[in-house]
file my_file-v3.cif (mmCIF, C-alpha atoms and all ligand atoms)
data_entry
loop_
_atom_site.label_atom_id
_atom_site.label_comp_id
_atom_site.auth_asym_id
_atom_site.auth_seq_id
_atom_site.Cartn_x
_atom_site.Cartn_y
_atom_site.Cartn_z
CA ASP A 142 0.00 0.00 0.00
CA THR A 143 1.01 3.66 0.08
CA ASP A 144 2.92 3.37 3.35
CA LEU A 145 4.86 0.39 2.02
CA ALA A 146 5.82 2.38 -1.08
CA ARG A 147 7.19 5.15 1.14
CA THR A 148 9.00 2.65 3.38
CA TRP A 149 10.46 0.99 0.28
CA VAL A 150 11.81 4.26 -1.12
CA GLN A 151 13.24 5.20 2.29
CA ALA A 152 14.90 1.78 2.54
CA ILE A 153 16.44 2.26 -0.92
CA ALA A 154 17.76 5.67 0.16
CA ALA A 155 19.31 4.11 3.28
CA ALA A 156 20.87 1.26 1.27
CA VAL A 157 22.26 3.67 -1.31
CA GLU A 158 23.76 5.79 1.46
CA LYS A 159 25.36 2.70 3.00
CA HIS A 160 26.68 1.26 -0.28
CA LYS A 161 27.50 4.52 -2.06
CA ASP A 162 31.28 3.96 -2.02
CA HIS A 163 30.93 0.35 -3.15
CA LEU A 164 28.76 1.37 -6.12
CA THR A 165 31.27 4.04 -7.07
CA GLN A 166 34.17 1.56 -6.74
CA LEU A 167 32.41 -0.86 -9.09
CA ASP A 168 31.83 1.99 -11.56
CA SER A 169 35.47 3.08 -11.32
CA ALA A 170 36.51 -0.34 -12.66
CA ILE A 171 34.34 -0.30 -15.80
CA GLY A 172 32.79 3.17 -15.96
CA ASP A 173 33.38 6.73 -14.78
CA ALA A 174 33.29 6.24 -11.00
CA ASP A 175 30.04 8.08 -10.33
CA HIS A 176 27.30 5.47 -9.88
CA GLY A 177 27.27 5.73 -6.09
CA VAL A 178 27.34 9.51 -6.28
CA ASN A 179 24.54 9.54 -8.88
CA MET A 180 22.30 7.23 -6.88
CA HIS A 181 23.00 9.09 -3.67
CA ARG A 182 22.18 12.45 -5.23
CA GLY A 183 18.95 11.03 -6.64
CA PHE A 184 17.69 9.35 -3.50
CA SER A 185 18.63 12.31 -1.29
CA ALA A 186 16.51 14.49 -3.57
CA ILE A 187 13.68 11.95 -3.36
CA THR A 188 13.78 11.85 0.43
CA ALA A 189 13.40 15.62 0.42
CA ALA A 190 10.69 15.60 -2.27
CA LEU A 191 8.58 13.00 -0.45
CA THR A 192 8.70 14.67 2.96
CA ASP A 193 5.72 16.96 2.40
CA TYR A 194 4.23 15.05 -0.51
CA LYS A 195 0.69 13.81 0.04
CA ALA A 196 0.01 10.57 -1.84
CA ASP A 197 -3.18 8.46 -1.96
CA THR A 198 -1.70 5.50 -3.79
CA PRO A 199 1.63 3.61 -3.90
CA GLY A 200 1.78 4.69 -7.52
CA ALA A 201 1.82 8.37 -6.65
CA VAL A 202 4.86 7.84 -4.39
CA LEU A 203 6.68 5.88 -7.10
CA VAL A 204 5.85 8.32 -9.91
CA LYS A 205 7.19 11.15 -7.75
CA THR A 206 10.31 9.04 -7.10
CA GLY A 207 10.85 8.53 -10.82
CA THR A 208 10.28 12.15 -11.73
CA THR A 209 12.74 13.27 -9.06
CA LEU A 210 15.38 10.78 -10.26
CA ILE A 211 15.06 12.03 -13.84
CA SER A 212 15.47 15.64 -12.78
CA SER A 213 18.31 15.12 -10.29
CA VAL A 214 20.59 12.47 -11.85
CA GLY A 215 22.57 13.23 -14.98
CA GLY A 216 24.08 9.77 -15.62
CA ALA A 217 22.49 6.95 -17.59
CA SER A 218 21.01 5.51 -14.41
CA GLY A 219 18.87 8.62 -13.72
CA PRO A 220 16.59 8.46 -16.76
CA LEU A 221 16.64 4.63 -16.79
CA TYR A 222 15.62 4.18 -13.15
CA GLY A 223 13.49 7.33 -13.28
CA GLY A 224 11.51 6.05 -16.24
CA ALA A 225 11.17 2.64 -14.59
CA PHE A 226 9.81 4.06 -11.31
CA ARG A 227 7.39 6.27 -13.25
CA ALA A 228 6.12 3.29 -15.25
CA ILE A 229 5.83 1.11 -12.12
CA GLY A 230 3.97 3.91 -10.35
CA LYS A 231 1.55 4.51 -13.20
CA ALA A 232 0.59 0.83 -13.04
CA LEU A 233 -0.08 0.96 -9.27
CA ASP A 234 -2.88 3.52 -9.17
CA THR A 235 -5.03 1.70 -6.64
CA PRO A 236 -4.56 1.93 -2.84
CA ALA A 237 -3.49 -1.72 -2.40
CA THR A 238 -1.37 -4.01 -4.56
CA ASP A 239 -1.16 -7.79 -4.90
CA PRO A 240 1.80 -9.74 -6.35
CA ARG A 241 0.08 -10.14 -9.71
CA GLN A 242 -0.46 -6.40 -10.07
CA PHE A 243 3.09 -5.77 -8.89
CA ALA A 244 4.47 -8.17 -11.51
CA ALA A 245 2.58 -6.27 -14.22
CA ALA A 246 3.92 -2.97 -12.87
CA LEU A 247 7.50 -4.29 -12.82
CA ALA A 248 7.05 -5.51 -16.39
CA ALA A 249 6.03 -1.98 -17.41
CA GLY A 250 9.17 -0.68 -15.67
CA LEU A 251 11.38 -3.13 -17.53
CA ALA A 252 9.77 -2.19 -20.84
CA GLY A 253 10.57 1.45 -20.05
CA ILE A 254 14.24 0.68 -19.33
CA GLN A 255 14.53 -1.32 -22.55
CA LYS A 256 12.74 1.27 -24.66
CA LEU A 257 15.16 3.95 -23.50
CA GLY A 258 18.37 1.95 -23.21
CA ALA A 259 17.85 -0.81 -25.79
CA ALA A 260 19.69 -3.35 -23.63
CA ALA A 261 18.83 -7.05 -23.55
CA PRO A 262 19.54 -9.66 -20.87
CA GLY A 263 23.22 -10.63 -21.08
CA ASP A 264 24.43 -7.13 -22.00
CA LYS A 265 25.82 -6.62 -18.46
CA THR A 266 23.42 -3.94 -17.22
CA MET A 267 20.82 -3.36 -14.53
CA ILE A 268 18.48 -5.44 -16.75
CA ASP A 269 20.32 -8.63 -15.78
CA ALA A 270 19.25 -8.18 -12.17
CA TYR A 271 15.86 -6.62 -12.92
CA ALA A 272 14.64 -9.28 -15.37
CA LEU A 273 15.34 -12.10 -12.90
CA ALA A 274 13.55 -10.20 -10.13
CA LEU A 275 10.53 -9.71 -12.39
CA ALA A 276 10.51 -13.40 -13.32
CA ALA A 277 10.62 -14.34 -9.64
CA VAL A 278 7.67 -12.07 -8.78
CA ARG A 279 5.66 -13.53 -11.70
CA GLN A 280 6.41 -17.06 -10.56
CA GLN A 281 5.40 -16.25 -6.97
CA ALA A 282 2.22 -14.51 -8.13
CA ASP A 283 1.26 -17.51 -10.28
CA ALA A 284 1.86 -19.80 -7.29
CA GLY A 285 -0.49 -17.67 -5.17
CA ALA A 286 2.26 -16.43 -2.85
CA ASP A 287 1.78 -13.35 -0.71
CA PHE A 288 3.55 -10.04 -1.28
CA ALA A 289 6.25 -10.70 1.33
CA ALA A 290 7.28 -14.01 -0.26
CA ALA A 291 7.29 -12.39 -3.70
CA ALA A 292 9.52 -9.57 -2.46
CA VAL A 293 12.05 -11.95 -0.89
CA ALA A 294 12.14 -14.07 -4.06
CA ALA A 295 12.69 -10.91 -6.11
CA ALA A 296 15.59 -9.81 -3.90
CA ASP A 297 17.25 -13.24 -4.07
CA ALA A 298 16.81 -13.38 -7.86
CA ALA A 299 18.14 -9.84 -8.35
CA GLU A 300 21.28 -10.73 -6.37
CA GLU A 301 21.75 -13.83 -8.51
CA GLY A 302 21.39 -11.68 -11.65
CA MET A 303 23.85 -9.17 -10.20
CA ARG A 304 26.49 -11.86 -9.62
CA ALA A 305 25.90 -13.25 -13.09
CA THR A 306 27.04 -9.94 -14.64
CA THR A 307 30.66 -10.46 -13.50
CA PRO A 308 31.83 -12.73 -16.35
CA MET A 309 29.75 -10.91 -18.98
CA GLN A 310 31.17 -8.58 -21.60
CA ALA A 311 29.34 -5.24 -21.57
CA ARG A 312 27.41 -4.38 -24.70
CA LYS A 313 25.64 -1.23 -23.46
CA GLY A 314 26.65 1.88 -21.55
CA ARG A 315 30.13 3.15 -20.75
CA ALA A 316 31.43 -0.30 -19.79
CA SER A 317 30.91 -1.41 -23.41
CA TYR A 318 33.77 0.91 -24.47
CA LEU A 319 36.12 -1.47 -22.64
CA GLY A 320 35.15 -4.46 -24.78
CA ALA A 321 36.58 -7.69 -23.37
CA ARG A 322 38.23 -5.75 -20.54
CA SER A 323 34.77 -5.27 -19.00
CA MET A 324 34.75 -8.99 -18.16
CA GLY A 325 35.51 -10.01 -14.58
CA HIS A 326 33.80 -6.99 -12.98
CA GLN A 327 30.34 -6.87 -11.42
CA ASP A 328 28.06 -4.31 -13.09
CA PRO A 329 27.32 -1.26 -10.90
CA GLY A 330 23.75 -0.83 -12.15
CA ALA A 331 22.91 -4.50 -11.59
CA THR A 332 24.29 -4.04 -8.08
CA SER A 333 22.05 -1.05 -7.34
CA THR A 334 19.07 -2.95 -8.76
CA ALA A 335 19.80 -5.75 -6.29
CA LEU A 336 19.85 -3.14 -3.49
CA ILE A 337 16.48 -1.82 -4.67
CA PHE A 338 14.82 -5.25 -4.51
CA ARG A 339 16.50 -6.18 -1.21
CA ALA A 340 15.17 -2.89 0.19
CA LEU A 341 11.65 -3.95 -0.84
CA ALA A 342 12.02 -7.30 0.94
CA GLU A 343 13.17 -5.45 4.06
CA ALA A 344 10.41 -2.85 3.79
CA VAL A 345 7.70 -5.51 3.63
CA VAL A 346 8.67 -6.99 7.01
CA ALA A 347 9.39 -3.56 8.62
P1 LIG B 401 26.85 6.70 -16.34
O1 LIG B 401 27.26 5.42 -17.04
O2 LIG B 401 26.20 7.68 -17.25
O3 LIG B 401 27.97 7.29 -15.54
P2 LIG B 401 25.80 5.47 -13.95
O4 LIG B 401 27.24 5.23 -13.59
O5 LIG B 401 24.98 6.14 -12.92
O6 LIG B 401 25.68 6.28 -15.30
O7 LIG B 401 25.09 4.08 -14.28
C1 LIG B 401 25.79 3.05 -14.94
C2 LIG B 401 24.89 1.82 -15.02
O8 LIG B 401 23.77 2.08 -15.87
C3 LIG B 401 25.57 0.61 -15.63
O9 LIG B 401 26.28 -0.12 -14.65
C4 LIG B 401 24.43 -0.18 -16.24
O10 LIG B 401 23.88 -1.12 -15.32
C5 LIG B 401 23.37 0.87 -16.49
N1 LIG B 401 23.22 1.14 -17.91
C6 LIG B 401 24.03 1.88 -18.70
N2 LIG B 401 23.55 1.90 -19.97
C7 LIG B 401 22.42 1.14 -19.97
C8 LIG B 401 21.47 0.77 -20.96
N3 LIG B 401 21.57 1.21 -22.22
N4 LIG B 401 20.43 -0.02 -20.59
C9 LIG B 401 20.31 -0.45 -19.31
N5 LIG B 401 21.17 -0.12 -18.34
C10 LIG B 401 22.21 0.64 -18.65
MG MG B 402 28.99 6.08 -14.15
MG MG B 403 28.57 9.33 -15.42
#

call {"tool": "encode", "arguments": {"input": "my_file-v3.cif", "output": "structure tokens", "more": "lines below"}}
Ligand code: ADP
Ligand code: MG
Ligand code: MG
result
Amino acid sequence: DTDLARTWVQAIAAAVEKHKDHLTQLDSAIGDADHGVNMHRGFSAITAALTDYKADTPGAVLVKTGTTLISSVGGASGPLYGGAFRAIGKALDTPATDPRQFAAALAAGLAGIQKLGAAAPGDKTMIDAYALALAAVRQQADAGADFAAAAVAAADAAEEGMRATTPMQARKGRASYLGARSMGHQDPGATSTALIFRALAEAVVA
């Protein structure tokens, strides 16, 4: 519901704060060493933007989150995550959400990321974590699981997808400029996606 959406976004902000240096370290290996800084700037702006924001639905919180990310983050991750949160939010325009509805919303978010960034699974991006999380939520929804179980499955799957990026060669984003030298490094965006889904699993039980 709306409170869970707020708790989720706050939990992401806390995780980003905690792992900011790690995200930047990962991006220094295969990018331009700003992913932690970008995410931190974005989620600090969101925390401020949500403080006095009155929302009636989870979707309103998440659309606001996306809009703020787009306007506050200059790197690739700002518009990609911003567009995803906006799409997820637009799909959650009722006061309460079940796993099936959440899976559909996440699918809209993934479509948004792919429309903008044209990356496919295996390209060593945030998609590699996100797509597995979406598949896990779908599977849980089809099995009739509750939201908490779906969120934990999503977090576990996102972390698996994150780890799977290490041997991949990047085909999108700055890391792709390195060609084969991008192999052997975990993707920063897949790592922040795993943080985002772990934050949801934590928010559900909070
Ligand atoms: P920038 O690369 O502009 O500095 P960030 O460092 O904030 O932006 O984000 C980098 C992350 O964005 C990458 O690790 C990757 O996961 C993700 N990314 C980059 N390009 C794309 C794309 N075209 N599609 C999906 N994700 C992408
Ligand atoms: Mg970067
Ligand atoms: Mg950058």

call {"tool": "residues_near_ligand", "arguments": {"input": "my_file-v3.cif", "ligand": "ligand MG 403 (chain B)", "cutoff": "8 Å", "atoms": "only C-alpha atoms and all ligand atoms", "output": "PyMOL selection string"}}
result
chain A and resi 172-176+179+215-217

call {"tool": "atom_distance", "arguments": {"input": "my_file-v3.cif", "atom1": "atom CA of Trp149 of chain A", "atom2": "atom N5 of ligand LIG 401 (chain B)"}}
result
21.5 Å

call {"tool": "residues_around", "arguments": {"input": "my_file-v3.cif", "residues": "segment 203-210 of chain A", "least_positions_apart": "4", "cutoff": "8 Å", "atoms": "all atoms listed in the file", "output": "list of chain:residue names"}}
result
A:Ala146, A:Val150, A:Gly183, A:Phe184, A:Ala186, A:Ile187, A:Ala190, A:Leu191, A:Pro199, A:Val214, A:Gly219, A:Pro220, A:Tyr222, A:Gly223, A:Gly224, A:Ala225, A:Phe226, A:Arg227, A:Ala228, A:Ile229, A:Gly230, A:Lys231

call {"tool": "residues_near_point", "arguments": {"input": "my_file-v3.cif", "point": "(0.0, 2.4, -8.2)", "cutoff": "7 Å", "atoms": "all atoms listed in the file", "output": "tab-separated table (two decimals) with C-alpha atoms, in the coordinates of the input"}}
result
chain	number	residue	atom	x	y	z
A	198	THR	CA	-1.70	5.50	-3.79
A	199	PRO	CA	1.63	3.61	-3.90
A	200	GLY	CA	1.78	4.69	-7.52
A	201	ALA	CA	1.82	8.37	-6.65
A	230	GLY	CA	3.97	3.91	-10.35
A	231	LYS	CA	1.55	4.51	-13.20
A	232	ALA	CA	0.59	0.83	-13.04
A	233	LEU	CA	-0.08	0.96	-9.27
A	234	ASP	CA	-2.88	3.52	-9.17
A	235	THR	CA	-5.03	1.70	-6.64

call {"tool": "closest_residue", "arguments": {"input": "my_file-v3.cif", "among": "A:Asp328, A:Glu300, A:Glu158, A:Asp269", "to": "ligand MG 402 (chain B)", "atoms": "all atoms listed in the file"}}
result
A:Asp328

call {"tool": "atom_distance", "arguments": {"input": "my_file-v3.cif", "atom1": "atom O6 of ligand LIG 401 (chain B)", "atom2": "atom CA of Ala259 of chain A"}}
result
14.9 Å

call {"tool": "atom_distance", "arguments": {"input": "my_file-v3.cif", "atom1": "atom CA of Lys313 of chain A", "atom2": "atom CA of Thr165 of chain A"}}
result
18.1 Å

call {"tool": "closest_residue", "arguments": {"input": "my_file-v3.cif", "among": "A:Thr238, A:Thr143, A:Gln166, A:Thr192", "to": "ligand LIG 401 (chain B)", "atoms": "only C-alpha atoms and all ligand atoms"}}
result
A:Gln166

call {"tool": "closest_residue", "arguments": {"input": "my_file-v3.cif", "among": "A:Ile268, A:Ala299, A:Ala340, A:Val345", "to": "Gln151 of chain A", "atoms": "all atoms listed in the file"}}
result
A:Ala340

call {"tool": "closest_residue", "arguments": {"input": "my_file-v3.cif", "among": "A:Ser218, A:Leu275, A:Glu301, A:Ser212", "to": "ligand MG 402 (chain B)", "atoms": "only C-alpha atoms and all ligand atoms"}}
result
A:Ser218

call {"tool": "closest_residue", "arguments": {"input": "my_file-v3.cif", "among": "A:Gln281, A:Ser333, A:Thr266, A:Ser185", "to": "Met309 of chain A", "atoms": "all atoms listed in the file"}}
result
A:Thr266

call {"tool": "closest_residue", "arguments": {"input": "my_file-v3.cif", "among": "A:Ile171, A:Ala248, A:Ala196, A:Met324", "to": "ligand LIG 401 (chain B)", "atoms": "all atoms listed in the file"}}
result
A:Ile171

call {"tool": "residues_around", "arguments": {"input": "my_file-v3.cif", "residues": "Ala270 of chain A", "least_positions_apart": "2", "cutoff": "10 Å", "atoms": "all atoms listed in the file", "output": "PyMOL selection string"}}
result
chain A and resi 262+265-268+272-275+295-306+328+330-335+338

call {"tool": "write_last_selection", "arguments": {"input": "my_file-v3.cif", "atoms": "C-alpha atoms", "output": "short mmCIF file (atom, residue, chain, number, x, y, z; two decimals), keeping the file's coordinate frame"}}
result
data_model
loop_
_atom_site.label_atom_id
_atom_site.label_comp_id
_atom_site.auth_asym_id
_atom_site.auth_seq_id
_atom_site.Cartn_x
_atom_site.Cartn_y
_atom_site.Cartn_z
CA PRO A 262 19.54 -9.66 -20.87
CA LYS A 265 25.82 -6.62 -18.46
CA THR A 266 23.42 -3.94 -17.22
CA MET A 267 20.82 -3.36 -14.53
CA ILE A 268 18.48 -5.44 -16.75
CA ALA A 272 14.64 -9.28 -15.37
CA LEU A 273 15.34 -12.10 -12.90
CA ALA A 274 13.55 -10.20 -10.13
CA LEU A 275 10.53 -9.71 -12.39
CA ALA A 295 12.69 -10.91 -6.11
CA ALA A 296 15.59 -9.81 -3.90
CA ASP A 297 17.25 -13.24 -4.07
CA ALA A 298 16.81 -13.38 -7.86
CA ALA A 299 18.14 -9.84 -8.35
CA GLU A 300 21.28 -10.73 -6.37
CA GLU A 301 21.75 -13.83 -8.51
CA GLY A 302 21.39 -11.68 -11.65
CA MET A 303 23.85 -9.17 -10.20
CA ARG A 304 26.49 -11.86 -9.62
CA ALA A 305 25.90 -13.25 -13.09
CA THR A 306 27.04 -9.94 -14.64
CA ASP A 328 28.06 -4.31 -13.09
CA GLY A 330 23.75 -0.83 -12.15
CA ALA A 331 22.91 -4.50 -11.59
CA THR A 332 24.29 -4.04 -8.08
CA SER A 333 22.05 -1.05 -7.34
CA THR A 334 19.07 -2.95 -8.76
CA ALA A 335 19.80 -5.75 -6.29
CA PHE A 338 14.82 -5.25 -4.51
#
